[in-house]
file run.cif (mmCIF, C-alpha atoms)
data_target
loop_
_atom_site.label_atom_id
_atom_site.label_comp_id
_atom_site.auth_asym_id
_atom_site.auth_seq_id
_atom_site.Cartn_x
_atom_site.Cartn_y
_atom_site.Cartn_z
CA MET A 1 22.54 39.45 41.87
CA LYS A 2 20.32 37.93 39.23
CA LYS A 3 19.64 39.03 35.66
CA LEU A 4 16.51 38.74 33.60
CA LEU A 5 16.90 35.45 31.78
CA PHE A 6 15.03 32.46 30.45
CA CYS A 7 11.64 34.20 30.47
CA THR A 8 10.30 31.75 27.90
CA MET A 9 10.18 29.10 30.60
CA MET A 10 8.13 31.14 33.04
CA LEU A 11 4.52 30.21 33.41
CA ALA A 12 1.10 31.49 34.58
CA VAL A 13 -2.05 31.71 36.71
CA SER A 14 -1.76 31.09 40.48
CA TRP A 15 -3.91 32.17 43.38
CA MET A 16 -3.06 35.11 45.64
CA THR A 17 -4.96 37.53 47.83
CA THR A 18 -3.77 40.76 46.23
CA THR A 19 -4.44 42.77 43.07
CA ALA A 20 -3.36 41.15 39.81
CA GLN A 21 -0.75 42.72 37.58
CA ARG A 22 -0.09 40.34 34.74
CA THR A 23 -0.65 36.74 33.63
CA TRP A 24 1.95 34.60 31.86
CA ARG A 25 0.65 31.61 29.88
CA HIS A 26 2.74 28.86 28.37
CA GLU A 27 2.19 25.19 27.76
CA THR A 28 3.40 22.60 30.25
CA PHE A 29 6.32 20.60 28.87
CA THR A 30 8.87 18.01 30.01
CA THR A 31 12.66 18.06 29.80
CA ASP A 32 15.66 16.14 31.05
CA THR A 33 17.87 19.25 30.93
CA PRO A 34 15.94 21.97 32.74
CA MET A 35 17.11 25.54 32.31
CA VAL A 36 17.05 27.11 35.77
CA HIS A 37 18.60 29.88 37.81
CA ASP A 38 18.95 29.72 41.61
CA PRO A 39 17.22 26.33 42.10
CA VAL A 40 15.85 24.97 45.38
CA MET A 41 14.02 21.70 45.92
CA ALA A 42 11.41 20.08 48.17
CA TYR A 43 9.95 16.57 48.39
CA GLU A 44 6.30 15.76 49.15
CA ASN A 45 4.26 12.59 48.60
CA GLY A 46 6.68 11.04 46.12
CA VAL A 47 7.15 14.20 44.06
CA TYR A 48 10.16 16.49 43.88
CA HIS A 49 9.29 20.16 43.47
CA LEU A 50 11.90 22.52 42.07
CA TYR A 51 11.56 26.29 42.35
CA ALA A 52 13.77 28.86 40.68
CA THR A 53 14.13 32.49 39.59
CA GLY A 54 11.58 33.52 36.97
CA MET A 55 8.44 35.45 36.13
CA GLY A 56 6.37 34.74 39.24
CA ILE A 57 8.84 32.00 40.33
CA GLN A 58 9.47 29.05 38.06
CA HIS A 59 8.07 25.67 39.23
CA MET A 60 8.72 22.16 37.94
CA THR A 61 8.10 18.66 39.27
CA SER A 62 9.57 15.17 38.91
CA ARG A 63 9.19 11.72 40.43
CA ASP A 64 12.72 10.58 39.58
CA ARG A 65 14.75 13.85 39.28
CA LYS A 66 15.54 12.82 35.70
CA THR A 67 12.51 13.96 33.72
CA TRP A 68 11.07 17.28 34.83
CA THR A 69 7.64 18.70 34.06
CA VAL A 70 7.85 22.47 33.77
CA MET A 71 4.55 23.66 35.13
CA ARG A 72 2.20 25.89 33.14
CA GLU A 73 1.46 27.97 36.22
CA PRO A 74 4.15 29.86 38.13
CA VAL A 75 4.00 30.13 41.88
CA MET A 76 2.86 33.76 41.62
CA SER A 77 0.82 35.02 38.71
CA VAL A 78 -0.24 37.84 41.00
CA ILE A 79 2.58 39.92 42.43
CA PRO A 80 1.64 41.61 45.74
CA LYS A 81 1.36 45.38 45.51
CA TRP A 82 3.56 45.88 48.58
CA THR A 83 6.57 44.57 46.63
CA ARG A 84 6.40 47.45 44.15
CA ASP A 85 5.85 49.94 46.93
CA SER A 86 8.90 48.61 48.80
CA VAL A 87 11.27 48.16 45.84
CA PRO A 88 11.28 50.90 43.19
CA GLY A 89 11.70 49.38 39.74
CA PHE A 90 10.67 45.86 40.73
CA GLU A 91 7.88 44.35 38.63
CA HIS A 92 7.48 40.64 37.86
CA HIS A 93 10.85 38.90 37.75
CA VAL A 94 11.13 37.16 41.13
CA TRP A 95 14.55 35.95 42.22
CA ALA A 96 16.09 33.20 44.27
CA PRO A 97 13.30 31.50 46.24
CA ASP A 98 13.72 29.12 49.15
CA VAL A 99 11.20 26.62 50.47
CA ILE A 100 10.93 24.66 53.73
CA GLN A 101 8.32 22.67 55.66
CA TRP A 102 7.91 23.65 59.31
CA HIS A 103 5.09 23.08 61.79
CA GLY A 104 2.70 21.61 59.24
CA ARG A 105 3.06 24.31 56.58
CA TRP A 106 5.27 24.99 53.61
CA TRP A 107 6.99 28.36 53.68
CA LEU A 108 8.44 29.98 50.57
CA ALA A 109 10.63 33.09 50.68
CA TYR A 110 11.47 35.08 47.56
CA SER A 111 13.53 38.09 46.50
CA CYS A 112 12.36 41.39 44.99
CA SER A 113 15.13 43.62 43.67
CA THR A 114 16.73 45.32 40.69
CA PHE A 115 20.10 44.25 39.38
CA GLY A 116 23.13 45.65 41.17
CA LYS A 117 21.30 47.70 43.83
CA ASN A 118 20.47 46.96 47.45
CA GLY A 119 17.03 48.49 47.65
CA SER A 120 15.44 45.05 48.01
CA ALA A 121 12.89 42.97 49.91
CA ILE A 122 12.33 39.35 50.85
CA GLY A 123 8.69 38.26 50.71
CA LEU A 124 6.95 35.25 52.24
CA LEU A 125 4.28 32.79 51.05
CA SER A 126 2.71 29.84 52.86
CA SER A 127 0.77 26.76 51.82
CA ARG A 128 -0.55 23.51 53.29
CA SER A 129 0.65 21.50 50.29
CA LEU A 130 2.93 21.90 47.31
CA SER A 131 0.72 19.85 45.02
CA PHE A 132 -2.03 22.46 44.54
CA ASN A 133 0.16 25.53 43.97
CA MET A 134 -2.09 27.67 46.17
CA TRP A 135 -0.09 30.11 48.28
CA ASN A 136 -1.04 32.76 50.81
CA ASP A 137 0.74 36.10 50.75
CA GLU A 138 2.37 36.50 54.19
CA GLY A 139 3.90 39.90 53.45
CA CYS A 140 7.48 41.01 53.86
CA ILE A 141 10.17 39.37 56.01
CA VAL A 142 12.90 41.98 55.65
CA THR A 143 13.84 44.95 53.47
CA SER A 144 17.10 46.74 52.73
CA ARG A 145 17.46 50.36 51.70
CA GLU A 146 20.13 52.06 49.63
CA GLY A 147 22.06 54.46 51.83
CA ARG A 148 20.67 52.91 55.01
CA ASP A 149 21.79 49.28 55.05
CA GLU A 150 25.20 47.82 54.28
CA TRP A 151 23.63 44.54 53.14
CA ASN A 152 21.17 43.38 50.49
CA ALA A 153 17.86 41.64 51.27
CA ILE A 154 17.91 38.96 48.56
CA ASP A 155 18.80 35.25 48.33
CA PRO A 156 16.91 33.98 51.40
CA CYS A 157 17.59 30.62 53.03
CA PHE A 158 15.58 29.13 55.89
CA VAL A 159 17.22 26.96 58.52
CA ILE A 160 15.70 25.34 61.63
CA ASP A 161 18.08 25.04 64.57
CA ASP A 162 18.40 22.23 67.11
CA ASN A 163 15.81 23.93 69.32
CA ASP A 164 13.23 23.92 66.50
CA GLU A 165 13.60 27.67 66.05
CA PRO A 166 13.64 29.12 62.52
CA TRP A 167 16.35 31.44 61.19
CA LEU A 168 16.85 33.22 57.89
CA ALA A 169 20.16 33.73 56.12
CA TRP A 170 20.36 36.09 53.17
CA GLY A 171 22.65 38.45 51.36
CA SER A 172 24.48 39.43 48.27
CA PHE A 173 27.62 41.60 48.04
CA TRP A 174 27.89 44.74 50.27
CA ASP A 175 28.89 43.42 53.74
CA GLY A 176 28.14 39.83 52.81
CA ILE A 177 25.87 37.14 54.22
CA GLN A 178 23.44 38.07 57.00
CA LEU A 179 21.59 35.95 59.57
CA CYS A 180 18.65 36.68 61.84
CA ARG A 181 16.28 34.64 64.02
CA LEU A 182 12.62 34.36 62.98
CA ASP A 183 9.49 34.16 65.08
CA THR A 184 6.72 31.57 64.80
CA THR A 185 5.17 33.47 61.87
CA MET A 186 8.46 33.24 59.95
CA HIS A 187 9.11 36.98 60.21
CA LEU A 188 12.11 38.60 61.90
CA ALA A 189 12.05 38.02 65.66
CA ALA A 190 11.56 41.11 67.80
CA GLY A 191 14.85 42.79 68.57
CA CYS A 192 16.90 40.66 66.15
CA ARG A 193 19.58 42.61 64.33
CA PRO A 194 21.18 41.05 61.23
CA GLN A 195 24.72 39.81 61.79
CA THR A 196 27.34 39.16 59.12
CA ILE A 197 28.39 35.50 59.00
CA ALA A 198 30.44 35.39 55.76
CA ARG A 199 32.31 37.72 53.40
CA ARG A 200 34.19 37.18 50.15
CA TYR A 201 37.04 39.33 51.45
CA PRO A 202 37.90 40.65 54.92
CA ALA A 203 36.19 43.90 55.87
CA GLY A 204 37.91 46.86 54.23
CA TYR A 205 39.73 44.79 51.59
CA GLN A 206 39.65 46.15 48.04
CA ALA A 207 39.81 43.61 45.23
CA ALA A 208 42.26 44.38 42.45
CA GLU A 209 39.62 44.09 39.72
CA PRO A 210 36.38 46.13 39.68
CA ASN A 211 32.98 44.48 39.74
CA PRO A 212 32.22 43.69 36.06
CA THR A 213 28.45 43.58 36.65
CA SER A 214 27.66 46.61 38.83
CA LYS A 215 29.51 49.65 40.13
CA PHE A 216 27.00 49.90 42.98
CA ALA A 217 27.55 46.47 44.54
CA GLY A 218 31.32 46.66 44.99
CA THR A 219 33.66 43.68 44.95
CA ASN A 220 32.60 41.70 48.04
CA ALA A 221 31.37 39.06 45.61
CA ILE A 222 29.55 36.65 47.89
CA GLU A 223 25.88 35.66 47.88
CA ALA A 224 23.32 32.84 47.88
CA PRO A 225 23.76 31.31 51.36
CA PHE A 226 22.44 27.84 52.09
CA ILE A 227 22.74 26.17 55.50
CA MET A 228 22.52 22.38 55.80
CA LYS A 229 22.60 20.42 59.07
CA HIS A 230 24.63 17.21 59.14
CA ASP A 231 26.04 15.10 61.98
CA GLY A 232 25.97 17.85 64.58
CA TRP A 233 27.30 20.62 62.33
CA TYR A 234 25.75 23.48 60.41
CA TYR A 235 27.33 23.78 56.95
CA LEU A 236 27.18 27.21 55.29
CA PHE A 237 27.45 27.05 51.50
CA VAL A 238 27.93 30.36 49.66
CA SER A 239 28.63 31.42 46.09
CA TRP A 240 31.69 33.49 45.29
CA ASP A 241 32.34 35.82 42.35
CA TYR A 242 30.05 36.66 39.43
CA CYS A 243 26.92 35.07 38.04
CA CYS A 244 24.59 35.94 35.19
CA ARG A 245 27.18 36.49 32.45
CA GLY A 246 26.75 33.24 30.52
CA PRO A 247 30.17 31.97 29.35
CA LEU A 248 31.83 34.94 31.11
CA SER A 249 30.49 33.91 34.53
CA SER A 250 32.94 33.05 37.31
CA TYR A 251 30.59 31.61 39.95
CA LYS A 252 31.86 28.97 42.38
CA VAL A 253 30.64 27.46 45.67
CA VAL A 254 32.58 27.23 48.94
CA VAL A 255 31.59 25.95 52.38
CA GLY A 256 32.36 26.40 56.06
CA ARG A 257 30.85 24.89 59.20
CA SER A 258 29.88 25.73 62.77
CA LYS A 259 28.51 23.92 65.81
CA THR A 260 25.91 26.68 66.24
CA VAL A 261 23.64 28.16 63.59
CA ASP A 262 24.87 31.71 64.22
CA GLY A 263 28.53 30.80 63.79
CA PRO A 264 31.34 31.46 63.69
CA TYR A 265 31.71 29.48 60.46
CA VAL A 266 35.19 28.27 59.55
CA ASP A 267 36.54 26.40 56.55
CA LYS A 268 38.56 23.16 56.49
CA GLU A 269 41.78 25.11 57.17
CA GLY A 270 40.25 26.92 60.14
CA ARG A 271 39.81 30.27 58.38
CA LEU A 272 36.84 32.37 59.42
CA MET A 273 34.24 32.86 56.69
CA THR A 274 33.78 36.44 57.94
CA GLU A 275 37.42 36.97 56.90
CA GLY A 276 37.13 35.41 53.45
CA GLY A 277 37.46 31.73 54.36
CA GLY A 278 35.75 28.97 52.39
CA THR A 279 36.57 25.41 51.30
CA PRO A 280 35.92 24.81 47.56
CA VAL A 281 32.91 22.65 46.69
CA ILE A 282 32.26 23.19 42.95
CA ALA A 283 33.45 25.48 40.18
CA GLY A 284 33.42 25.45 36.41
CA ASP A 285 35.56 22.81 34.70
CA LYS A 286 35.88 25.05 31.59
CA GLN A 287 34.83 22.12 29.38
CA GLU A 288 31.20 21.37 30.25
CA PHE A 289 30.50 24.27 32.60
CA GLU A 290 32.19 27.65 32.66
CA ALA A 291 30.98 28.30 36.21
CA ALA A 292 28.52 26.92 38.77
CA GLY A 293 26.79 28.36 41.79
CA HIS A 294 23.75 29.40 43.82
CA CYS A 295 23.36 26.02 45.44
CA ALA A 296 21.10 24.14 47.83
CA ALA A 297 22.00 21.03 49.84
CA TYR A 298 19.60 18.58 51.47
CA THR A 299 18.89 15.19 52.85
CA LEU A 300 15.90 14.37 50.64
CA ASN A 301 14.28 10.95 50.49
CA ASP A 302 17.25 9.48 52.46
CA GLU A 303 19.82 10.92 50.04
CA ASP A 304 22.28 13.75 50.61
CA LEU A 305 21.90 15.92 47.55
CA PHE A 306 23.57 19.06 46.18
CA ILE A 307 21.98 21.15 43.44
CA CYS A 308 22.96 24.39 41.73
CA HIS A 309 22.89 26.01 38.31
CA GLY A 310 25.79 25.85 35.91
CA TYR A 311 26.67 27.88 32.82
CA TYR A 312 26.64 25.17 30.18
CA LEU A 313 29.21 25.72 27.46
CA PRO A 314 27.65 23.41 24.81
CA ARG A 315 24.64 25.76 24.94
CA LYS A 316 26.65 29.00 24.83
CA GLY A 317 26.57 29.47 28.60
CA ALA A 318 22.87 28.78 29.20
CA SER A 319 22.07 28.16 32.86
CA ILE A 320 20.99 24.56 33.54
CA LEU A 321 20.36 22.36 36.58
CA ILE A 322 23.26 20.45 38.15
CA GLN A 323 22.53 17.61 40.60
CA ARG A 324 25.25 15.79 42.53
CA GLY A 325 25.23 13.39 45.45
CA ILE A 326 27.14 14.36 48.60
CA ALA A 327 29.69 12.09 50.23
CA TRP A 328 31.31 13.05 53.53
CA LYS A 329 35.05 12.87 54.08
CA ASP A 330 36.54 13.83 57.43
CA GLY A 331 33.39 15.80 58.20
CA TRP A 332 33.36 17.78 54.94
CA PRO A 333 31.07 17.49 51.90
CA VAL A 334 32.53 16.03 48.72
CA LEU A 335 30.43 15.97 45.56
CA GLN A 336 30.06 12.67 43.76
#

call {"tool": "encode", "arguments": {"input": "run.cif", "output": "structure tokens"}}
result
Amino acid sequence: MKKLLFCTMMLAVSWMTTTAQRTWRHETFTTDTPMVHDPVMAYENGVYHLYATGMGIQHMTSRDRKTWTVMREPVMSVIPKWTRDSVPGFEHHVWAPDVIQWHGRWWLAYSCSTFGKNGSAIGLLSSRSLSFNMWNDEGCIVTSREGRDEWNAIDPCFVIDDNDEPWLAWGSFWDGIQLCRLDTTMHLAAGCRPQTIARRYPAGYQAAEPNPTSKFAGTNAIEAPFIMKHDGWYYLFVSWDYCCRGPLSSYKVVVGRSKTVDGPYVDKEGRLMTEGGGTPVIAGDKQEFEAAGHCAAYTLNDEDLFICHGYYLPRKGASILIQRGIAWKDGWPVLQ
């Protein structure tokens, strides 16, 4: 569930194989406090690449993860026509990407939606290298339809299992976080039906307070899955509660783990994540950050790293990048 924000940071001119809609042009600049929403990261040839929600997908690079160059060109200056055909009301603001390297290619999934509704689609791009920002349109991975599906096709996350098979987790509100196996083209495997692997509340539970952001999405306030493998476990990070409200946001991250990629995922106390379980990872401290969420977690360049966005109170709730190292205590992630 992402809102239109920070458009002034979104940049222009990429290469795609479909009809152009619009070009965004801004100057490249550097910053040590990048404003981002829904960040993910990749590392190639000594350079960190960060991708985030924005007009055509925001892209920035760094060699030290301290000073970031916000690129002039977004990932997509050309938005594929199929996205507008599949998602009524969607135009240019692309949400919540994820990126992974598998079998010699980089794969980037992205979300097309409108705020608070589950008529959505997850698209796919591929590239041989991150350094040239040249991506092929690989079409649609999965769509959801209002009135048909009890889940929302946004917030994708790739994960490769121990058999070198790719999977995709996704989801926001409705019946929670979904998971499905992919084929070798990174599209849904034949016969795979999405399964729910995490909910904010047990099925059928009604929260006492209504959803303050959308009457359509209900109160199962869970989204933004990210699955990290570590020491024989799959760790499922998810965001609870409400993003995109600046200093009124209530986002937080919790985690569970499983020995198999398809679950069941349980928290530190043994509670099923499908029944509302989740061990706290990060939340707002109400001094620097009001709330924090939509995370990614990696082993990058021999370091276990957690990133997310936080609603920064000294800047009136603006959304900025948070980076924390991960320590492991009794098999559970602890942020440093």

call {"tool": "resolve_selection", "arguments": {"input": "run.cif", "expression": "the PyMOL selection byres ((chain A and resi 113) around 10)", "output": "ChimeraX atom specification"}}
result
/A:1-2,83-84,86-91,93-95,111-112,114-122,143-144,152-154

call {"tool": "resolve_selection", "arguments": {"input": "run.cif", "expression": "the PyMOL selection byres ((chain A and resi 272-283) around 8)", "output": "compact mmCIF listing (two decimals) with C-alpha atoms, in the coordinates of the input"}}
result
# COMPACT_ATOMS: atom_id res chain seq x y z
CA THR A 196 27.34 39.16 59.12
CA ILE A 197 28.39 35.50 59.00
CA ALA A 198 30.44 35.39 55.76
CA ARG A 199 32.31 37.72 53.40
CA ARG A 200 34.19 37.18 50.15
CA TYR A 201 37.04 39.33 51.45
CA PRO A 202 37.90 40.65 54.92
CA ALA A 203 36.19 43.90 55.87
CA TYR A 251 30.59 31.61 39.95
CA LYS A 252 31.86 28.97 42.38
CA VAL A 253 30.64 27.46 45.67
CA VAL A 254 32.58 27.23 48.94
CA VAL A 255 31.59 25.95 52.38
CA GLY A 256 32.36 26.40 56.06
CA PRO A 264 31.34 31.46 63.69
CA TYR A 265 31.71 29.48 60.46
CA VAL A 266 35.19 28.27 59.55
CA ASP A 267 36.54 26.40 56.55
CA LYS A 268 38.56 23.16 56.49
CA GLU A 269 41.78 25.11 57.17
CA GLY A 270 40.25 26.92 60.14
CA ARG A 271 39.81 30.27 58.38
CA GLY A 284 33.42 25.45 36.41
CA ASP A 285 35.56 22.81 34.70
CA GLU A 290 32.19 27.65 32.66
CA ALA A 291 30.98 28.30 36.21
CA ALA A 292 28.52 26.92 38.77
CA GLY A 293 26.79 28.36 41.79
CA PRO A 333 31.07 17.49 51.90
CA VAL A 334 32.53 16.03 48.72
CA LEU A 335 30.43 15.97 45.56

call {"tool": "resolve_selection", "arguments": {"input": "run.cif", "expression": "the PyMOL selection byres ((chain A and resi 213) around 12)", "output": "number ranges by chain"}}
result
A: 1-3, 115-117, 173, 209-212, 214-219, 221, 241-245, 248-250

call {"tool": "atom_distance", "arguments": {"input": "run.cif", "atom1": "atom CA of A:Ala327", "atom2": "atom CA of A:Thr260"}}
result
22.0 Å

call {"tool": "atom_distance", "arguments": {"input": "run.cif", "atom1": "atom CA of A:Pro166", "atom2": "atom CA of A:Met186"}}
result
7.1 Å

call {"tool": "closest_atom_pairs", "arguments": {"input": "run.cif", "of": "stretch 88-159 of chain A", "to": "stretch 72-79 of chain A", "cutoff": "12 Å", "atoms": "all atoms listed in the file", "output": "Markdown table"}}
result
| residue | atom | partner | partner_atom | distance |
| --- | --- | --- | --- | --- |
| A:Phe90 | CA | A:Ile79 | CA | 10.2 |
| A:Glu91 | CA | A:Ile79 | CA | 7.9 |
| A:His92 | CA | A:Ile79 | CA | 6.7 |
| A:His93 | CA | A:Ile79 | CA | 9.6 |
| A:Val94 | CA | A:Met76 | CA | 9.0 |
| A:Trp95 | CA | A:Met76 | CA | 11.9 |
| A:Pro97 | CA | A:Val75 | CA | 10.4 |
| A:Val99 | CA | A:Val75 | CA | 11.7 |
| A:Leu108 | CA | A:Val75 | CA | 9.8 |
| A:Ala109 | CA | A:Val75 | CA | 11.4 |
| A:Tyr110 | CA | A:Met76 | CA | 10.5 |
| A:Ser111 | CA | A:Ile79 | CA | 11.8 |
| A:Cys112 | CA | A:Ile79 | CA | 10.2 |
| A:Gly123 | CA | A:Ile79 | CA | 10.4 |
| A:Leu124 | CA | A:Met76 | CA | 11.5 |
| A:Leu125 | CA | A:Val75 | CA | 9.6 |
| A:Ser126 | CA | A:Val75 | CA | 11.1 |
| A:Ser127 | CA | A:Val75 | CA | 11.0 |
| A:Leu130 | CA | A:Val75 | CA | 9.9 |
| A:Ser131 | CA | A:Val75 | CA | 11.2 |
| A:Phe132 | CA | A:Val75 | CA | 10.1 |
| A:Asn133 | CA | A:Val75 | CA | 6.3 |
| A:Met134 | CA | A:Val75 | CA | 7.8 |
| A:Trp135 | CA | A:Val75 | CA | 7.6 |
| A:Asn136 | CA | A:Met76 | CA | 10.0 |
| A:Asp137 | CA | A:Ile79 | CA | 9.3 |
| A:Gly139 | CA | A:Ile79 | CA | 11.1 |

call {"tool": "atom_distance", "arguments": {"input": "run.cif", "atom1": "atom CA of A:Asp304", "atom2": "atom CA of A:Lys229"}}
result
10.8 Å

call {"tool": "closest_residue", "arguments": {"input": "run.cif", "among": "A:Lys286, A:His187, A:His49, A:His103", "to": "A:Arg128", "atoms": "all atoms listed in the file"}}
result
A:His103

call {"tool": "residues_near_point", "arguments": {"input": "run.cif", "point": "(20.0, 27.2, 33.4)", "cutoff": "8 Å", "atoms": "all atoms listed in the file", "output": "MDAnalysis selection string"}}
result
chainID A and resid 6 34:37 309:312 318:321

call {"tool": "residues_around", "arguments": {"input": "run.cif", "residues": "A:Ser129", "least_positions_apart": "4", "cutoff": "10 Å", "atoms": "only C-alpha atoms", "output": "list in words"}}
result
Glu44, Asn45, Gln101, Gly104, Arg105, Trp106, Trp107, Asn133, Met134 and Trp135 of chain A

call {"tool": "closest_residue", "arguments": {"input": "run.cif", "among": "A:Asn220, A:Cys295, A:Ile160, A:Met41", "to": "A:Thr184", "atoms": "all atoms listed in the file"}}
result
A:Ile160

call {"tool": "decode", "arguments": {"input": "run.cif", "residues": "stretch 318-333 of chain A", "atoms": "N, CA, C and O atoms", "output": "tab-separated table (two decimals), in the first residue's frame"}}
result
chain	number	residue	atom	x	y	z
A	318	ALA	N	9.31	12.64	6.70
A	318	ALA	CA	9.80	12.22	5.39
A	318	ALA	C	10.38	10.82	5.49
A	318	ALA	O	10.92	10.41	6.52
A	319	SER	N	10.28	10.07	4.39
A	319	SER	CA	10.70	8.68	4.36
A	319	SER	C	12.16	8.58	3.91
A	319	SER	O	12.47	8.94	2.77
A	320	ILE	N	13.05	8.11	4.77
A	320	ILE	CA	14.47	8.03	4.42
A	320	ILE	C	14.99	6.63	4.65
A	320	ILE	O	14.37	5.80	5.33
A	321	LEU	N	16.17	6.36	4.09
A	321	LEU	CA	16.79	5.04	4.16
A	321	LEU	C	17.36	4.77	5.55
A	321	LEU	O	18.07	5.60	6.12
A	322	ILE	N	17.07	3.59	6.07
A	322	ILE	CA	17.68	3.06	7.29
A	322	ILE	C	18.52	1.86	6.91
A	322	ILE	O	18.06	0.97	6.18
A	323	GLN	N	19.76	1.79	7.40
A	323	GLN	CA	20.64	0.64	7.21
A	323	GLN	C	21.16	0.18	8.56
A	323	GLN	O	21.71	0.98	9.32
A	324	ARG	N	21.02	-1.11	8.83
A	324	ARG	CA	21.51	-1.67	10.10
A	324	ARG	C	22.16	-3.01	9.82
A	324	ARG	O	21.68	-3.81	9.01
A	325	GLY	N	23.25	-3.29	10.53
A	325	GLY	CA	23.83	-4.63	10.47
A	325	GLY	C	22.96	-5.62	11.23
A	325	GLY	O	22.18	-5.24	12.11
A	326	ILE	N	23.08	-6.90	10.87
A	326	ILE	CA	22.34	-7.96	11.55
A	326	ILE	C	23.30	-8.81	12.35
A	326	ILE	O	24.30	-9.33	11.81
A	327	ALA	N	23.04	-8.96	13.63
A	327	ALA	CA	23.68	-9.96	14.46
A	327	ALA	C	22.67	-11.11	14.65
A	327	ALA	O	21.47	-10.93	14.42
A	328	TRP	N	23.17	-12.25	15.07
A	328	TRP	CA	22.30	-13.42	15.25
A	328	TRP	C	22.42	-13.90	16.68
A	328	TRP	O	23.52	-14.17	17.17
A	329	LYS	N	21.29	-13.99	17.35
A	329	LYS	CA	21.26	-14.44	18.74
A	329	LYS	C	20.27	-15.58	18.87
A	329	LYS	O	19.07	-15.40	18.62
A	330	ASP	N	20.78	-16.74	19.25
A	330	ASP	CA	19.92	-17.92	19.39
A	330	ASP	C	19.12	-18.21	18.13
A	330	ASP	O	17.96	-18.65	18.18
A	331	GLY	N	19.73	-17.92	16.97
A	331	GLY	CA	19.09	-18.23	15.71
A	331	GLY	C	18.12	-17.17	15.22
A	331	GLY	O	17.39	-17.42	14.24
A	332	TRP	N	18.10	-16.00	15.85
A	332	TRP	CA	17.18	-14.94	15.46
A	332	TRP	C	17.92	-13.65	15.15
A	332	TRP	O	18.91	-13.34	15.81
A	333	PRO	N	17.46	-12.88	14.16
A	333	PRO	CA	18.15	-11.64	13.80
A	333	PRO	C	17.94	-10.53	14.82
A	333	PRO	O	16.82	-10.31	15.29
